[in-house]
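> Okay, so here is protein.txt, and as you'll see once you scroll down, it has compact mmCIF, C-alpha atoms and all ligand atoms.
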# COMPACT_ATOMS: atom_id res chain seq x y z
CA MET A 1 7.39 -22.87 -30.27
CA GLY A 2 8.82 -26.24 -29.38
CA GLU A 3 7.98 -28.14 -26.23
CA TYR A 4 9.76 -25.60 -24.02
CA VAL A 5 8.41 -22.23 -22.92
CA ILE A 6 11.90 -20.94 -22.15
CA GLU A 7 14.96 -22.04 -24.05
CA THR A 8 18.50 -20.72 -24.32
CA GLN A 9 21.35 -21.86 -26.52
CA ASP A 10 24.92 -21.46 -25.35
CA LEU A 11 24.18 -18.15 -23.69
CA VAL A 12 27.22 -16.08 -22.74
CA LYS A 13 27.25 -12.76 -20.90
CA VAL A 14 30.47 -10.89 -20.27
CA TYR A 15 30.41 -7.71 -18.21
CA LYS A 16 33.29 -5.33 -18.70
CA ASP A 17 33.99 -2.57 -16.25
CA ARG A 18 37.00 -0.72 -14.91
CA SER A 19 37.94 -3.53 -12.57
CA GLY A 20 38.07 -6.04 -15.43
CA VAL A 21 35.96 -8.66 -17.16
CA VAL A 22 33.35 -10.91 -15.54
CA LYS A 23 31.85 -13.90 -17.32
CA ALA A 24 28.44 -13.89 -15.65
CA LEU A 25 27.03 -16.59 -17.97
CA ASP A 26 29.29 -19.13 -19.56
CA GLY A 27 27.48 -21.22 -22.19
CA VAL A 28 24.06 -21.71 -20.62
CA SER A 29 21.58 -23.95 -22.47
CA LEU A 30 18.41 -23.96 -20.39
CA LYS A 31 15.15 -25.77 -21.13
CA VAL A 32 12.01 -24.97 -19.17
CA PRO A 33 8.93 -27.07 -20.06
CA LYS A 34 5.34 -25.80 -19.99
CA ALA A 35 3.25 -25.78 -16.81
CA VAL A 36 5.99 -26.46 -14.28
CA LEU A 37 7.35 -24.67 -11.25
CA PHE A 38 10.97 -24.48 -12.28
CA GLY A 39 13.73 -23.53 -9.86
CA LEU A 40 16.83 -21.67 -10.96
CA PHE A 41 19.15 -22.47 -8.09
CA GLY A 42 22.59 -21.04 -7.48
CA PRO A 43 24.62 -19.11 -4.92
CA ASN A 44 25.27 -15.35 -4.93
CA GLY A 45 26.94 -14.21 -8.11
CA SER A 46 26.22 -17.42 -10.07
CA GLY A 47 24.33 -15.54 -12.81
CA LYS A 48 20.64 -15.95 -11.91
CA THR A 49 19.69 -12.28 -12.24
CA THR A 50 21.76 -11.90 -15.39
CA LEU A 51 19.93 -14.82 -17.01
CA ILE A 52 16.49 -13.44 -16.10
CA SER A 53 17.48 -9.96 -17.34
CA ILE A 54 18.45 -11.38 -20.72
CA LEU A 55 15.19 -13.33 -20.98
CA VAL A 56 13.13 -10.15 -20.61
CA GLY A 57 15.41 -8.04 -22.80
CA LEU A 58 16.86 -5.85 -20.04
CA GLN A 59 20.36 -7.07 -20.91
CA LEU A 60 21.79 -8.20 -24.22
CA PRO A 61 23.68 -11.48 -24.43
CA THR A 62 27.33 -11.33 -25.49
CA SER A 63 26.69 -14.43 -27.60
CA GLY A 64 24.21 -17.25 -27.85
CA SER A 65 20.43 -16.95 -28.07
CA ALA A 66 17.28 -17.20 -25.97
CA GLN A 67 13.55 -17.62 -26.63
CA VAL A 68 10.53 -17.19 -24.42
CA LEU A 69 7.27 -18.71 -25.75
CA GLY A 70 9.02 -18.99 -29.09
CA PHE A 71 9.88 -15.28 -29.28
CA ASP A 72 13.50 -14.25 -29.57
CA CYS A 73 14.60 -12.37 -26.45
CA VAL A 74 16.68 -9.86 -28.40
CA ARG A 75 14.75 -9.20 -31.62
CA GLU A 76 11.25 -9.75 -30.21
CA SER A 77 11.66 -8.58 -26.63
CA ILE A 78 8.46 -6.50 -26.87
CA GLU A 79 6.44 -9.65 -27.61
CA VAL A 80 8.18 -11.38 -24.72
CA ARG A 81 7.45 -8.55 -22.27
CA LYS A 82 3.74 -8.61 -23.20
CA ARG A 83 3.47 -12.19 -21.99
CA VAL A 84 5.84 -12.32 -19.06
CA GLY A 85 5.24 -11.22 -15.49
CA LEU A 86 8.54 -10.19 -13.95
CA LEU A 87 9.43 -9.84 -10.30
CA PRO A 88 12.85 -8.19 -10.58
CA GLU A 89 15.64 -8.24 -8.02
CA ASN A 90 15.38 -4.47 -7.57
CA TYR A 91 11.90 -3.08 -8.10
CA GLY A 92 11.57 0.66 -8.12
CA PHE A 93 8.23 1.64 -6.62
CA TYR A 94 7.47 5.30 -6.07
CA GLU A 95 7.47 5.81 -2.32
CA SER A 96 5.17 8.81 -2.39
CA MET A 97 2.55 7.00 -4.48
CA THR A 98 0.00 4.51 -3.17
CA ALA A 99 -0.07 0.79 -3.97
CA TYR A 100 -2.89 1.46 -6.47
CA GLU A 101 -1.07 4.36 -8.14
CA ASN A 102 2.16 2.38 -8.48
CA LEU A 103 0.39 -0.57 -10.11
CA GLU A 104 -1.62 1.78 -12.34
CA TYR A 105 1.52 3.57 -13.47
CA LEU A 106 3.47 0.36 -14.15
CA GLY A 107 0.42 -1.26 -15.77
CA LYS A 108 0.06 1.66 -18.19
CA LEU A 109 3.75 1.37 -19.09
CA ASP A 110 3.04 -2.27 -19.92
CA GLY A 111 0.20 -1.19 -22.21
CA ILE A 112 -2.68 -2.54 -20.09
CA PRO A 113 -5.93 -0.57 -20.83
CA VAL A 114 -7.14 1.71 -17.97
CA GLN A 115 -10.51 -0.06 -17.66
CA GLU A 116 -8.77 -3.39 -17.20
CA LEU A 117 -6.41 -1.90 -14.61
CA LYS A 118 -9.38 -0.66 -12.57
CA ARG A 119 -10.72 -4.18 -12.34
CA ARG A 120 -7.42 -6.01 -12.12
CA ILE A 121 -5.54 -3.96 -9.48
CA PRO A 122 -7.90 -4.70 -6.54
CA GLU A 123 -7.94 -8.33 -7.69
CA VAL A 124 -4.16 -8.83 -7.57
CA LEU A 125 -3.81 -6.87 -4.32
CA GLU A 126 -6.36 -9.22 -2.80
CA LEU A 127 -4.42 -12.23 -4.08
CA VAL A 128 -1.25 -11.10 -2.28
CA GLY A 129 -3.06 -9.99 0.88
CA LEU A 130 -2.64 -6.22 0.41
CA LYS A 131 -6.21 -5.18 -0.36
CA GLU A 132 -6.55 -3.09 2.80
CA TRP A 133 -3.44 -1.13 1.81
CA ILE A 134 -4.63 -0.30 -1.68
CA ASN A 135 -4.63 3.43 -0.90
CA SER A 136 -1.59 3.46 1.40
CA LYS A 137 1.64 5.07 0.31
CA VAL A 138 4.43 2.63 -0.43
CA LYS A 139 6.78 4.51 1.95
CA SER A 140 4.72 3.11 4.84
CA PHE A 141 5.23 -0.48 3.61
CA SER A 142 7.45 -3.01 5.37
CA ARG A 143 9.99 -5.14 3.44
CA GLY A 144 7.57 -8.05 3.16
CA MET A 145 4.66 -5.82 2.09
CA THR A 146 6.80 -4.33 -0.68
CA GLN A 147 7.71 -7.85 -1.79
CA ARG A 148 4.00 -8.71 -1.92
CA LEU A 149 3.37 -5.60 -4.02
CA ALA A 150 6.10 -6.71 -6.41
CA LEU A 151 4.35 -10.06 -6.77
CA ALA A 152 1.05 -8.27 -7.43
CA GLN A 153 2.77 -6.25 -10.15
CA ALA A 154 4.15 -9.42 -11.75
CA LEU A 155 0.63 -10.90 -11.82
CA LEU A 156 -1.07 -7.73 -13.09
CA LYS A 157 -1.12 -8.50 -16.81
CA ASP A 158 -2.30 -12.07 -16.18
CA PRO A 159 0.91 -13.34 -17.78
CA GLU A 160 1.56 -16.68 -19.40
CA ILE A 161 4.89 -17.01 -17.63
CA LEU A 162 6.23 -15.66 -14.36
CA LEU A 163 9.93 -14.91 -13.91
CA LEU A 164 10.56 -14.34 -10.23
CA ASP A 165 13.95 -13.27 -8.88
CA GLU A 166 14.15 -14.22 -5.18
CA PRO A 167 10.38 -13.85 -4.69
CA THR A 168 10.12 -14.75 -1.01
CA LEU A 169 12.71 -12.40 0.46
CA GLY A 170 11.19 -10.84 3.54
CA LEU A 171 7.92 -12.79 3.47
CA ASP A 172 6.55 -14.03 6.78
CA PRO A 173 5.23 -17.63 7.12
CA GLN A 174 1.70 -16.58 6.05
CA GLY A 175 3.26 -14.80 3.10
CA SER A 176 5.19 -17.92 2.11
CA THR A 177 2.01 -20.02 2.28
CA MET A 178 0.12 -17.45 0.21
CA PHE A 179 2.97 -17.47 -2.30
CA ARG A 180 3.06 -21.25 -2.55
CA LYS A 181 -0.71 -21.52 -3.11
CA LEU A 182 -0.68 -18.78 -5.74
CA MET A 183 2.12 -20.48 -7.62
CA GLU A 184 0.48 -23.90 -7.49
CA GLU A 185 -2.75 -22.48 -8.91
CA PHE A 186 -0.86 -20.61 -11.59
CA VAL A 187 0.85 -23.79 -12.73
CA LYS A 188 -2.38 -25.81 -12.56
CA SER A 189 -3.88 -23.46 -15.13
CA GLY A 190 -1.16 -24.56 -17.57
CA LYS A 191 1.23 -21.65 -17.02
CA SER A 192 4.89 -21.74 -16.12
CA VAL A 193 6.99 -20.21 -13.37
CA LEU A 194 10.74 -19.74 -13.16
CA ILE A 195 11.93 -18.95 -9.63
CA SER A 196 15.50 -17.94 -8.98
CA THR A 197 16.75 -18.45 -5.45
CA HIS A 198 19.42 -19.80 -3.17
CA LEU A 199 16.88 -20.40 -0.40
CA LEU A 200 16.30 -24.05 -1.16
CA HIS A 201 14.86 -25.02 2.18
CA GLU A 202 12.18 -22.40 1.59
CA LEU A 203 11.45 -22.77 -2.12
CA GLY A 204 12.99 -26.03 -3.24
CA TYR A 205 10.08 -28.20 -2.21
CA ILE A 206 7.52 -26.33 -4.33
CA CYS A 207 9.61 -26.78 -7.50
CA THR A 208 9.26 -29.99 -9.49
CA GLN A 209 12.12 -29.24 -11.86
CA ALA A 210 15.25 -27.19 -11.53
CA ALA A 211 18.53 -26.06 -12.99
CA PHE A 212 21.67 -25.52 -10.94
CA LEU A 213 23.87 -22.56 -11.84
CA ARG A 214 27.43 -22.46 -10.69
CA LYS A 215 29.80 -19.64 -11.65
CA GLY A 216 27.79 -18.91 -14.79
CA LYS A 217 27.58 -22.55 -15.88
CA LEU A 218 24.55 -24.83 -15.78
CA VAL A 219 25.86 -27.88 -13.96
CA ALA A 220 22.59 -29.85 -14.09
CA GLN A 221 18.92 -29.52 -14.98
CA GLY A 222 15.84 -31.71 -14.94
CA SER A 223 13.16 -33.14 -12.67
CA ILE A 224 14.00 -33.99 -9.07
CA GLU A 225 13.84 -37.67 -10.02
CA GLU A 226 16.29 -37.23 -12.89
CA LEU A 227 18.66 -35.20 -10.75
CA ALA A 228 18.35 -37.72 -7.93
CA LYS A 229 19.37 -40.53 -10.27
CA VAL A 230 22.75 -38.95 -10.95
CA TYR A 231 23.14 -38.20 -7.25
CA SER A 232 22.40 -41.80 -6.24
CA LYS A 233 24.83 -43.23 -8.79
CA GLU A 234 27.60 -41.29 -7.10
CA LYS A 235 26.47 -41.12 -3.49
CA GLY A 236 24.64 -44.41 -3.19
CA TYR A 237 21.04 -45.53 -2.74
CA SER A 238 19.30 -45.34 0.63
CA TYR A 239 16.33 -47.30 1.89
CA GLU A 240 14.35 -47.50 5.06
CA LEU A 241 12.65 -50.67 6.24
CA LEU A 242 10.06 -50.97 8.93
CA VAL A 243 10.30 -54.39 10.53
CA ALA A 244 7.92 -56.30 12.80
CA GLU A 245 10.41 -58.74 14.35
CA ASP A 246 13.87 -60.32 14.01
CA VAL A 247 15.52 -57.01 13.30
CA GLU A 248 19.00 -58.31 14.02
CA LEU A 249 18.58 -61.33 11.77
CA LEU A 250 17.46 -59.07 8.95
CA VAL A 251 20.44 -56.77 9.49
CA LYS A 252 22.79 -59.76 9.16
CA GLU A 253 21.03 -60.79 5.96
CA LEU A 254 21.26 -57.28 4.55
CA MET A 255 24.99 -57.07 5.22
CA LYS A 256 25.45 -60.11 2.95
CA LEU A 257 23.74 -58.45 -0.04
CA GLU A 258 26.02 -57.35 -2.82
CA GLY A 259 26.47 -53.62 -3.03
CA VAL A 260 25.42 -52.86 0.54
CA ILE A 261 27.76 -50.30 2.11
CA HIS A 262 26.13 -49.57 5.41
CA VAL A 263 23.31 -50.88 7.59
CA SER A 264 22.06 -49.25 10.76
CA PHE A 265 18.96 -49.76 12.88
CA GLU A 266 17.01 -48.22 15.68
CA ASN A 267 14.07 -50.08 17.24
CA ASP A 268 11.98 -51.30 14.30
CA LYS A 269 13.60 -49.09 11.66
CA VAL A 270 16.45 -50.30 9.50
CA ARG A 271 18.45 -48.04 7.20
CA VAL A 272 20.42 -49.43 4.30
CA ARG A 273 22.84 -47.66 2.01
CA ALA A 274 24.07 -49.36 -1.14
CA SER A 275 26.33 -48.53 -4.05
CA GLU A 276 23.70 -49.76 -6.50
CA ASP A 277 19.94 -50.01 -6.83
CA ILE A 278 19.01 -52.98 -4.62
CA SER A 279 15.23 -52.51 -4.45
CA ASP A 280 14.57 -55.91 -6.10
CA GLU A 281 16.83 -57.70 -3.62
CA LEU A 282 15.15 -55.89 -0.73
CA ALA A 283 11.70 -56.74 -2.03
CA SER A 284 12.57 -60.44 -1.89
CA LEU A 285 13.37 -60.06 1.83
CA VAL A 286 10.08 -58.34 2.59
CA GLY A 287 8.10 -61.59 2.91
CA LYS A 288 10.78 -63.48 4.83
CA PHE A 289 11.25 -60.92 7.58
CA ARG A 290 7.79 -59.48 7.98
CA VAL A 291 8.91 -56.12 6.67
CA LYS A 292 5.97 -53.74 7.06
CA ALA A 293 7.30 -51.08 4.73
CA MET A 294 10.25 -50.55 2.43
CA VAL A 295 10.84 -47.08 1.01
CA PRO A 296 13.70 -45.68 -1.00
CA ILE A 297 14.93 -42.40 0.51
CA SER A 298 15.21 -39.69 -2.13
CA PRO A 299 17.68 -36.86 -1.70
CA THR A 300 16.17 -33.47 -0.80
CA TRP A 301 16.71 -30.37 -2.96
CA ASP A 302 19.17 -29.23 -0.28
CA GLU A 303 21.22 -32.40 -0.65
CA LEU A 304 21.07 -32.14 -4.43
CA TYR A 305 22.18 -28.51 -4.22
CA GLN A 306 25.17 -29.39 -2.04
CA PHE A 307 26.01 -32.20 -4.43
CA TYR A 308 25.80 -30.17 -7.63
CA GLN A 309 27.45 -27.09 -6.17
CA GLY A 310 30.16 -29.28 -4.72
CA GLY A 311 33.11 -30.86 -6.48
CA GLY A 312 33.79 -31.95 -9.98
CA TRP A 313 32.88 -28.97 -12.09
CA GLU A 314 35.82 -26.58 -11.62
N1 LIG A 401 25.93 -4.73 -14.32
C1 LIG A 401 27.00 -5.48 -14.00
N2 LIG A 401 28.26 -5.07 -14.25
C2 LIG A 401 29.34 -5.82 -13.96
N3 LIG A 401 29.26 -7.04 -13.39
C3 LIG A 401 28.03 -7.51 -13.11
C4 LIG A 401 26.84 -6.77 -13.40
N4 LIG A 401 25.76 -7.51 -13.02
C5 LIG A 401 26.25 -8.67 -12.52
N5 LIG A 401 27.61 -8.68 -12.57
C6 LIG A 401 28.50 -9.80 -12.15
O1 LIG A 401 28.04 -10.98 -12.81
C7 LIG A 401 28.06 -12.10 -11.94
C8 LIG A 401 26.66 -12.69 -11.84
O2 LIG A 401 25.80 -11.78 -11.17
P1 LIG A 401 24.23 -12.00 -10.97
O3 LIG A 401 23.68 -10.76 -10.38
O4 LIG A 401 23.65 -12.45 -12.26
O5 LIG A 401 24.23 -13.20 -9.93
P2 LIG A 401 23.03 -13.77 -9.02
O6 LIG A 401 23.12 -15.25 -9.15
O7 LIG A 401 21.76 -13.10 -9.35
O8 LIG A 401 23.50 -13.38 -7.55
P3 LIG A 401 22.60 -13.01 -6.22
O9 LIG A 401 22.19 -14.31 -5.60
O10 LIG A 401 23.59 -12.30 -5.35
O11 LIG A 401 21.46 -12.16 -6.64
C9 LIG A 401 28.63 -11.59 -10.62
O12 LIG A 401 30.00 -11.87 -10.60
C10 LIG A 401 28.39 -10.10 -10.68
O13 LIG A 401 29.39 -9.40 -9.97
MG MG A 402 20.47 -11.98 -8.27
Go ahead and express the file in the form of structure tokens.


Amino acid sequence: MGEYVIETQDLVKVYKDRSGVVKALDGVSLKVPKAVLFGLFGPNGSGKTTLISILVGLQLPTSGSAQVLGFDCVRESIEVRKRVGLLPENYGFYESMTAYENLEYLGKLDGIPVQELKRRIPEVLELVGLKEWINSKVKSFSRGMTQRLALAQALLKDPEILLLDEPTLGLDPQGSTMFRKLMEEFVKSGKSVLISTHLLHELGYICTQAAFLRKGKLVAQGSIEELAKVYSKEKGYSYELLVAEDVELLVKELMKLEGVIHVSFENDKVRVRASEDISDELASLVGKFRVKAMVPISPTWDELYQFYQGGGWE
């Protein structure tokens, strides 16, 4: 295995049905490093579920290749499945069976020994906040409770990697907090998580790296800092300065700097937008104008999403 826990090379998936041909994945080369919370971001129909299905061997690629933990997703999908916890888009729990029975059944299918299941099932149900419902039938579960059960199932085999397809659908705020903490601990222990979603305001901030899918193509991937660099080159660099006095004098000075596009201020806060990186120039003004703080404003995941889903890649 190289330095990546998930890797794909020029992955293509074409679905053919009566209504025609759909290119769900169009040459995707993804690289997910170890021990990161990695976001797979893209709108409906961009290919997220298709990509995850290929990684776990539920779908075959039309061309290209994929490896998880160094195992080939087509030829060695059994080895992959042993090590991956999957939260699928559509999980099929048996409504007439209890939470325990469902996990036991699915655990056995995954080859987990019965003794281990006895110990592990209460443990994972506790982790997702469902311990009291261990003997309740799944038909009595709400949407969010079923989602929690799906997360418990993904964690059951104590996997090395989690692949989660829209994991927070239906979770309440406590559920989201529980989810975030679980994921952060998982990653701290050196494991990796791939989360597919279009809910960036909800999940973006917990991811440190991401890939943006658009109509089956990967339009960008990397750390938020790397992605922000490209964004800033095109959209400009923003800074905020906190000033003790002479705000208007400083504003005049800033307008004279090369590359500055826009300066605005409110009370003691000054905002500057520039076409290039002007942090050195700003730093030299810090002493002169009693600037209390000078911070570059990074784009949020939401802004990056809009940017990468936006123009230029048709
Ligand atoms: N089994 C299938 N047969 C035919 N077309 C399919 C099939 N599965 C997916 N597609 C098509 O492939 C494209 C990608 O779908 P996919 O489900 O991978 O997207 P997604 O990003 O997961 O979307 P969502 O956010 O809605 O879950 C879509 O155009 C979809 O209609
Ligand atoms: Mg999907």

> Using all atoms listed in the file, which residues sit within 7 Å of Pro61 in chain A once same-chain residues fewer than 6 positions away are excluded, as a count of residues only?

4

> May I have a table of the residues of range 98-164 of chain A lying at most 12 Å from range 39-43 of chain A, giving each one's closest pair of atoms and their distance in Å to one decimal, counting all atoms listed in the file, ordered by chain and ascending residue number, as a tab-separated table?


residue	atom	partner	partner_atom	distance
A:Leu162	CA	A:Gly39	CA	11.8
A:Leu163	CA	A:Leu40	CA	10.1
A:Leu164	CA	A:Leu40	CA	9.7

> Kindly save the residues from that selection, with C-alpha atoms included, as a CSV table (one decimal), in the coordinates of the input.


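Below is the file that was written, selection-v3.csv:
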chain,number,residue,atom,x,y,z
A,162,LEU,CA,6.2,-15.7,-14.4
A,163,LEU,CA,9.9,-14.9,-13.9
A,164,LEU,CA,10.6,-14.3,-10.2

> Can you pull out every residue with an atom within 10 Å of ligand MG 402 (chain A)? Use all atoms listed in the file and format it as an mmCIF file with C-alpha atoms, in the coordinates of the input.


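So out_17.cif came out as:
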data_model
loop_
_atom_site.group_PDB
_atom_site.id
_atom_site.type_symbol
_atom_site.label_atom_id
_atom_site.label_comp_id
_atom_site.auth_asym_id
_atom_site.auth_seq_id
_atom_site.Cartn_x
_atom_site.Cartn_y
_atom_site.Cartn_z
ATOM 1 C CA GLY A 42 22.590 -21.040 -7.480
ATOM 2 C CA PRO A 43 24.620 -19.110 -4.920
ATOM 3 C CA ASN A 44 25.270 -15.350 -4.930
ATOM 4 C CA GLY A 45 26.940 -14.210 -8.110
ATOM 5 C CA SER A 46 26.220 -17.420 -10.070
ATOM 6 C CA GLY A 47 24.330 -15.540 -12.810
ATOM 7 C CA LYS A 48 20.640 -15.950 -11.910
ATOM 8 C CA THR A 49 19.690 -12.280 -12.240
ATOM 9 C CA THR A 50 21.760 -11.900 -15.390
ATOM 10 C CA LEU A 51 19.930 -14.820 -17.010
ATOM 11 C CA ILE A 52 16.490 -13.440 -16.100
ATOM 12 C CA SER A 53 17.480 -9.960 -17.340
ATOM 13 C CA PRO A 88 12.850 -8.190 -10.580
ATOM 14 C CA GLU A 89 15.640 -8.240 -8.020
ATOM 15 C CA ASN A 90 15.380 -4.470 -7.570
ATOM 16 C CA ASP A 165 13.950 -13.270 -8.880
ATOM 17 C CA GLU A 166 14.150 -14.220 -5.180
ATOM 18 C CA SER A 196 15.500 -17.940 -8.980
ATOM 19 C CA THR A 197 16.750 -18.450 -5.450
ATOM 20 C CA HIS A 198 19.420 -19.800 -3.170
#

> Gly204 in chain A: which residues within 8 Å, counting all atoms listed in the file, same-chain residues fewer than 5 positions away excluded, as a ChimeraX atom specification?

/A:39,199,301-302

> May I ask for the distance between CA of Lys269 in chain A and CA of Val243 in chain A, given in Å to one decimal place?

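These atoms are spaced 6.3 Å apart.
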
> Dump as CSV the rows for residues of range 170-226 of chain A within 10 Å of range 129-139 of chain A: closest atom pair and distance in Å with one decimal, only C-alpha atoms counted, ordered by chain and rising residue number.


residue,atom,partner,partner_atom,distance
A:Gln174,CA,A:Gly129,CA,9.6
A:Gly175,CA,A:Gly129,CA,8.2
A:Met178,CA,A:Gly129,CA,8.1

> What's the separation between CA of Lys23 in chain A and CA of Gly57 in chain A, in Å to one decimal place?

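Computing it gives 18.3 Å between the two atoms.
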
> Give the answer as one residue: which of A:Leu109, A:Val193, A:Val84, A:Ala220 has the shortest atom-to-atom distance to Pro159 in chain A, using only C-alpha atoms?

A:Val84

> I'd like the box whose edges run along x, y and z of the file and which contains every listed atom of ligand LIG 401 (chain A), padded by 3 Å per side; could you state its centre and edge lengths in Å, one decimal, as JSON?


{"center_x": 25.7, "center_y": -10.0, "center_z": -9.8, "size_x": 14.5, "size_y": 16.5, "size_z": 15.0}

> Could you pull out every residue with an atom within 10 Å of (12.3, -7.1, -26.1), file coordinates, counting all atoms listed in the file, and send them as number ranges by chain?

A: 54-60, 71-82

> Please determine, counting all atoms listed in the file, which residue among A:Leu106, A:Ala24, A:Leu254, A:Leu69 has the shortest atom-to-atom distance to ligand LIG 401 (chain A).

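Selected residue with least distance to ligand LIG 401 (chain A): A:Ala24.
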
> Between A:Leu169, A:Phe38, A:Val219, A:Glu240, which residue has the minimum interatomic distance to Met183 in chain A, considering all atoms listed in the file?

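Residue with the minimum atom-to-atom distance to Met183 in chain A: A:Phe38.
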
> For each of A:Val14, A:Leu304, A:Val124, A:Leu282, take the minimum atom-to-atom distance to ligand LIG 401 (chain A), counting only C-alpha atoms and all ligand atoms, then give the residue where this is smallest.

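Counting only C-alpha atoms and all ligand atoms, the residue closest to ligand LIG 401 (chain A) is A:Val14.
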
> Between A:Pro299, A:Pro167, A:Gly259, A:Pro122, single out the one closest to ligand LIG 401 (chain A), counting all atoms listed in the file.

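Distance minimum relative to ligand LIG 401 (chain A) lands on A:Pro167.
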
> Set out as a Markdown table a contact list for range 96-118 of chain A and range 140-156 of chain A with a cut-off of 8 Å, giving each residue of range 96-118 of chain A that qualifies its closest atom pair and distance in Å to one decimal, counting all atoms listed in the file, ordered by chain and rising residue number.


| residue | atom | partner | partner_atom | distance |
| --- | --- | --- | --- | --- |
| A:Ala99 | CA | A:Leu149 | CA | 7.3 |
| A:Leu103 | CA | A:Gln153 | CA | 6.2 |
| A:Leu106 | CA | A:Gln153 | CA | 7.8 |
| A:Gly107 | CA | A:Leu156 | CA | 7.2 |

> Those residues with C-alpha atoms, as an mmCIF file, in the frame of the given file please?


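Dumped to result.cif:
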data_model
loop_
_atom_site.group_PDB
_atom_site.id
_atom_site.type_symbol
_atom_site.label_atom_id
_atom_site.label_comp_id
_atom_site.auth_asym_id
_atom_site.auth_seq_id
_atom_site.Cartn_x
_atom_site.Cartn_y
_atom_site.Cartn_z
ATOM 1 C CA ALA A 99 -0.070 0.790 -3.970
ATOM 2 C CA LEU A 103 0.390 -0.570 -10.110
ATOM 3 C CA LEU A 106 3.470 0.360 -14.150
ATOM 4 C CA GLY A 107 0.420 -1.260 -15.770
#

> Enter the distance from CA of Tyr239 in chain A to CA of Val251 in chain A, in Å, rounded to one decimal.

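Rounded to one decimal, the two atoms are 12.8 Å apart.
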
> From the set A:Ser264, A:Lys108, A:Lys288, A:Cys207, which residue has the shortest atom-to-atom contact distance to Glu248 in chain A, counting only C-alpha atoms?

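Checking each candidate against Glu248 in chain A, we get A:Ser264 as the closest.
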
> What's around Ile224 in chain A at 6 Å? Count only C-alpha atoms, leave out sequence neighbours fewer than 3 positions away in its own chain, and write the answer as a PyMOL selection string.

chain A and resi 209+227-228

> Could the residues in this selection be saved with C-alpha atoms as a PDB file, keeping the file's coordinate frame?


ATOM      1  CA  GLN A 209      12.120 -29.240 -11.860  1.00  0.00           C
ATOM      2  CA  LEU A 227      18.660 -35.200 -10.750  1.00  0.00           C
ATOM      3  CA  ALA A 228      18.350 -37.720  -7.930  1.00  0.00           C
TER       4      ALA A 228
END

> Got a sec: who's within 6 Å of Val272 in chain A, counting all atoms listed in the file, leaving out chain neighbours fewer than 4 positions off, as a PyMOL selection string?

chain A and resi 238-239+262-263
